[in-house]
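So this one's protein.pdb, PDB, C-alpha atoms, pLDDT in the B column:
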ATOM      1  CA  MET A 368       4.127   3.960-130.382  1.00 57.00           C
ATOM      2  CA  ARG A 369       3.444   7.693-130.646  1.00 64.00           C
ATOM      3  CA  LEU A 370       5.248   9.930-128.156  1.00 67.00           C
ATOM      4  CA  ASP A 371       2.056  11.479-126.731  1.00 62.00           C
ATOM      5  CA  ARG A 372       0.557   8.079-125.960  1.00 62.00           C
ATOM      6  CA  LEU A 373       3.850   6.846-124.546  1.00 64.00           C
ATOM      7  CA  ILE A 374       3.922   9.803-122.147  1.00 64.00           C
ATOM      8  CA  THR A 375       0.261   9.379-121.216  1.00 62.00           C
ATOM      9  CA  LEU A 376       0.494   5.656-120.546  1.00 62.00           C
ATOM     10  CA  ASN A 377       3.922   5.489-118.930  1.00 65.00           C
ATOM     11  CA  LEU A 378       4.212   8.785-117.065  1.00 63.00           C
ATOM     12  CA  MET A 379       0.831  10.387-116.443  1.00 57.00           C
ATOM     13  CA  GLN A 380      -1.204   7.262-115.651  1.00 55.00           C
ATOM     14  CA  PRO A 381       1.162   6.069-112.900  1.00 57.00           C
ATOM     15  CA  LEU A 382       1.171   9.597-111.423  1.00 54.00           C
ATOM     16  CA  ARG A 383      -2.624   9.509-111.171  1.00 56.00           C
ATOM     17  CA  ARG A 384      -2.343   6.490-108.877  1.00 56.00           C
ATOM     18  CA  ILE A 385      -0.209   8.353-106.348  1.00 53.00           C
ATOM     19  CA  ARG A 386      -2.316   9.293-103.338  1.00 49.00           C
ATOM     20  CA  ILE A 387      -1.507  12.195-101.109  1.00 45.00           C
ATOM     21  CA  THR A 388      -2.493  11.071 -97.640  1.00 45.00           C
ATOM     22  CA  HIS A 389      -2.292  14.472 -95.951  1.00 46.00           C
ATOM     23  CA  HIS A 390      -5.835  15.899 -96.121  1.00 48.00           C
ATOM     24  CA  ALA A 391      -6.801  13.308 -98.773  1.00 47.00           C
ATOM     25  CA  SER A 392     -10.329  13.149 -97.399  1.00 48.00           C
ATOM     26  CA  ARG A 393     -10.728  16.828 -98.290  1.00 51.00           C
ATOM     27  CA  ILE A 394      -9.758  16.507-101.949  1.00 52.00           C
ATOM     28  CA  THR A 395     -12.615  16.458-104.442  1.00 61.00           C
ATOM     29  CA  PRO A 396     -11.872  16.279-108.150  1.00 71.00           C
ATOM     30  CA  LEU A 397     -13.715  18.803-110.289  1.00 80.00           C
ATOM     31  CA  PRO A 398     -14.471  17.506-113.777  1.00 86.00           C
ATOM     32  CA  ILE A 399     -13.756  20.014-116.547  1.00 89.00           C
ATOM     33  CA  LEU A 400     -15.307  18.918-119.840  1.00 92.00           C
ATOM     34  CA  MET A 401     -13.998  20.515-123.032  1.00 91.00           C
ATOM     35  CA  TYR A 402     -15.896  20.410-126.298  1.00 93.00           C
ATOM     36  CA  HIS A 403     -14.393  21.494-129.598  1.00 92.00           C
ATOM     37  CA  SER A 404     -17.400  21.267-131.906  1.00 92.00           C
ATOM     38  CA  ILE A 405     -20.961  19.996-131.537  1.00 94.00           C
ATOM     39  CA  SER A 406     -21.801  18.690-134.996  1.00 94.00           C
ATOM     40  CA  ASP A 407     -22.495  15.570-137.001  1.00 93.00           C
ATOM     41  CA  ASP A 408     -19.494  16.205-139.285  1.00 90.00           C
ATOM     42  CA  PRO A 409     -17.871  12.755-139.595  1.00 88.00           C
ATOM     43  CA  GLU A 410     -14.433  14.363-140.076  1.00 90.00           C
ATOM     44  CA  PRO A 411     -13.457  12.156-143.031  1.00 92.00           C
ATOM     45  CA  GLY A 412      -9.804  11.284-143.261  1.00 91.00           C
ATOM     46  CA  VAL A 413      -9.101  12.177-139.630  1.00 88.00           C
ATOM     47  CA  PRO A 414      -7.866   9.263-137.481  1.00 88.00           C
ATOM     48  CA  PRO A 415     -10.240   8.538-134.559  1.00 84.00           C
ATOM     49  CA  TYR A 416      -7.705   9.683-131.949  1.00 84.00           C
ATOM     50  CA  TYR A 417      -7.668  13.167-133.495  1.00 86.00           C
ATOM     51  CA  LYS A 418     -11.407  13.622-134.070  1.00 86.00           C
ATOM     52  CA  THR A 419     -12.719  16.591-132.139  1.00 89.00           C
ATOM     53  CA  ASN A 420     -16.422  16.727-133.021  1.00 91.00           C
ATOM     54  CA  THR A 421     -19.081  15.570-130.605  1.00 93.00           C
ATOM     55  CA  SER A 422     -22.427  14.791-132.199  1.00 94.00           C
ATOM     56  CA  PRO A 423     -25.424  16.751-130.888  1.00 96.00           C
ATOM     57  CA  ALA A 424     -27.032  13.462-129.771  1.00 96.00           C
ATOM     58  CA  VAL A 425     -23.962  12.462-127.743  1.00 95.00           C
ATOM     59  CA  PHE A 426     -23.711  15.974-126.273  1.00 96.00           C
ATOM     60  CA  ARG A 427     -27.362  15.723-125.145  1.00 96.00           C
ATOM     61  CA  GLN A 428     -26.582  12.336-123.560  1.00 96.00           C
ATOM     62  CA  HIS A 429     -23.586  13.827-121.714  1.00 95.00           C
ATOM     63  CA  MET A 430     -25.670  16.719-120.368  1.00 95.00           C
ATOM     64  CA  GLN A 431     -28.539  14.404-119.405  1.00 95.00           C
ATOM     65  CA  PHE A 432     -26.116  12.175-117.518  1.00 94.00           C
ATOM     66  CA  LEU A 433     -24.748  15.158-115.605  1.00 93.00           C
ATOM     67  CA  ALA A 434     -28.272  16.325-114.761  1.00 92.00           C
ATOM     68  CA  ASP A 435     -29.343  12.821-113.692  1.00 93.00           C
ATOM     69  CA  GLN A 436     -26.291  12.525-111.439  1.00 90.00           C
ATOM     70  CA  GLY A 437     -27.010  15.868-109.774  1.00 90.00           C
ATOM     71  CA  TYR A 438     -24.147  17.883-111.249  1.00 90.00           C
ATOM     72  CA  HIS A 439     -24.295  21.673-111.209  1.00 89.00           C
ATOM     73  CA  THR A 440     -22.202  23.752-113.616  1.00 90.00           C
ATOM     74  CA  ILE A 441     -19.638  26.281-112.517  1.00 90.00           C
ATOM     75  CA  SER A 442     -17.791  28.707-114.753  1.00 90.00           C
ATOM     76  CA  LEU A 443     -14.014  28.713-114.818  1.00 88.00           C
ATOM     77  CA  ASP A 444     -14.116  32.256-113.406  1.00 90.00           C
ATOM     78  CA  GLU A 445     -16.168  30.993-110.441  1.00 89.00           C
ATOM     79  CA  LEU A 446     -13.752  28.102-109.945  1.00 83.00           C
ATOM     80  CA  VAL A 447     -10.729  30.393-109.984  1.00 83.00           C
ATOM     81  CA  GLU A 448     -12.437  32.686-107.468  1.00 84.00           C
ATOM     82  CA  LYS A 449     -13.229  29.741-105.159  1.00 79.00           C
ATOM     83  CA  LEU A 450      -9.616  28.608-105.328  1.00 77.00           C
ATOM     84  CA  ARG A 451      -8.267  32.123-104.893  1.00 79.00           C
ATOM     85  CA  THR A 452     -10.350  32.876-101.803  1.00 79.00           C
ATOM     86  CA  ALA A 453     -10.060  29.421-100.238  1.00 69.00           C
ATOM     87  CA  ASP A 454      -8.179  28.845 -97.050  1.00 58.00           C
ATOM     88  CA  HIS A 455      -6.058  26.035 -98.503  1.00 55.00           C
ATOM     89  CA  ALA A 456      -5.301  24.620 -95.079  1.00 51.00           C
ATOM     90  CA  SER A 457      -9.002  23.936 -94.596  1.00 48.00           C
ATOM     91  CA  PHE A 458     -10.157  23.623 -98.213  1.00 50.00           C
ATOM     92  CA  SER A 459     -12.917  21.021 -98.232  1.00 51.00           C
ATOM     93  CA  ASN A 460     -15.323  19.108-100.445  1.00 49.00           C
ATOM     94  CA  SER A 461     -18.042  21.604 -99.602  1.00 52.00           C
ATOM     95  CA  GLN A 462     -16.180  24.321-101.467  1.00 55.00           C
ATOM     96  CA  LEU A 463     -16.323  22.318-104.704  1.00 57.00           C
ATOM     97  CA  SER A 464     -19.960  21.384-104.346  1.00 56.00           C
ATOM     98  CA  THR A 465     -23.289  22.912-103.476  1.00 57.00           C
ATOM     99  CA  PRO A 466     -25.618  21.381-100.869  1.00 57.00           C
ATOM    100  CA  ASN A 467     -27.147  18.882-103.318  1.00 60.00           C
ATOM    101  CA  HIS A 468     -24.808  18.973-106.290  1.00 66.00           C
ATOM    102  CA  GLN A 469     -21.319  18.024-107.387  1.00 84.00           C
ATOM    103  CA  LEU A 470     -19.822  20.755-109.562  1.00 87.00           C
ATOM    104  CA  VAL A 471     -18.638  20.423-113.160  1.00 90.00           C
ATOM    105  CA  ALA A 472     -17.125  22.979-115.553  1.00 91.00           C
ATOM    106  CA  ILE A 473     -18.084  22.765-119.229  1.00 93.00           C
ATOM    107  CA  THR A 474     -15.865  24.588-121.694  1.00 92.00           C
ATOM    108  CA  PHE A 475     -16.047  25.181-125.427  1.00 91.00           C
ATOM    109  CA  ASP A 476     -12.879  25.564-127.471  1.00 85.00           C
ATOM    110  CA  ASP A 477     -12.905  28.042-130.359  1.00 81.00           C
ATOM    111  CA  GLY A 478     -16.054  29.949-131.300  1.00 82.00           C
ATOM    112  CA  PHE A 479     -18.005  27.763-133.654  1.00 87.00           C
ATOM    113  CA  ARG A 480     -21.617  28.637-134.504  1.00 93.00           C
ATOM    114  CA  ASP A 481     -22.673  25.115-133.514  1.00 93.00           C
ATOM    115  CA  PHE A 482     -22.118  25.983-129.858  1.00 94.00           C
ATOM    116  CA  TYR A 483     -24.994  28.432-130.205  1.00 94.00           C
ATOM    117  CA  THR A 484     -27.174  26.339-132.500  1.00 94.00           C
ATOM    118  CA  GLU A 485     -26.575  22.894-130.959  1.00 95.00           C
ATOM    119  CA  ALA A 486     -25.143  23.240-127.436  1.00 94.00           C
ATOM    120  CA  PHE A 487     -26.900  26.345-126.117  1.00 94.00           C
ATOM    121  CA  PRO A 488     -30.448  24.952-126.459  1.00 95.00           C
ATOM    122  CA  VAL A 489     -29.398  21.809-124.588  1.00 95.00           C
ATOM    123  CA  LEU A 490     -27.673  23.781-121.851  1.00 92.00           C
ATOM    124  CA  GLN A 491     -30.764  25.942-121.318  1.00 90.00           C
TER
END

The structure given in the file should be rewritten as structure tokens.
Amino acid sequence: MRLDRLITLNLMQPLRRIRITHHASRITPLPILMYHSISDDPEPGVPPYYKTNTSPAVFRQHMQFLADQGYHTISLDELVEKLRTADHASFSNSQLSTPNHQLVAITFDDGFRDFYTEAFPVLQ
């Protein structure tokens, strides 16, 4: 077994199951989605685990799902500012959501043209 999978399955997964009971009702996870490339390039010769492209059709499905579920995007700068200015003793779900929306951050790794040609029109 590869070392990265061994660590993920045997160390990180069990840690995710640990619940902090102090103020647990106030903790809201914020999904941060990272995309590397939005293209139909099949990445020949790359094992599936290492493929980094997301097809434009799948990206549209992801964004439609988020919209259908009432998600609202937040930039990483906005998230950092919320965390920086939060009173951590009373930090609550409301600070990671808007009145009718759960927040999500969407990030794009690198600076590929396909973010502009494929992702930007969908995000608009």

Open item on the list: Applying 12 Å and all atoms listed in the file, which residues near Pro488 in chain A remain after dropping the ones on its own chain fewer than 2 positions away? List them as a list in words.
Closed with: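 Result of the neighbour search: Ile405, Pro423, Phe426, Arg427, Met430, Asp481, Phe482, Tyr483, Thr484, Glu485, Ala486, Leu490 and Gln491 of chain A.
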
- [ ] Measure the distance from CA of Leu470 in chain A to CA of Pro396 in chain A in Å and round it to one decimal.
- [x]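 Value for the CA of Leu470 in chain A-CA of Pro396 in chain A distance: 9.2 Å.
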
Task: Pick from A:Thr421, A:Gln469, A:Gln436, A:Gln428 nearest to His403 in chain A, counting only C-alpha atoms - done: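 Ranked by minimum distance to His403 in chain A, first place goes to A:Thr421.
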
Task: CA of Val413 in chain A to CA of Leu400 in chain A, distance in Å rounded to a single decimal - done: 21.8 Å

- [ ] One decimal, Å: what's the distance from CA of Met401 in chain A over to CA of Glu445 in chain A, could you say?
- [x]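 Answer for the CA of Met401 in chain A to CA of Glu445 in chain A separation: 16.5 Å.
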
- [ ] Can you pull out every residue within 12 Å of Ala472 in chain A, counting only C-alpha atoms, but drop anything in the same chain fewer than 6 positions away, and send it as a PyMOL selection string?
- [x] chain A and resi 396-402+430+433+438-447+463-464
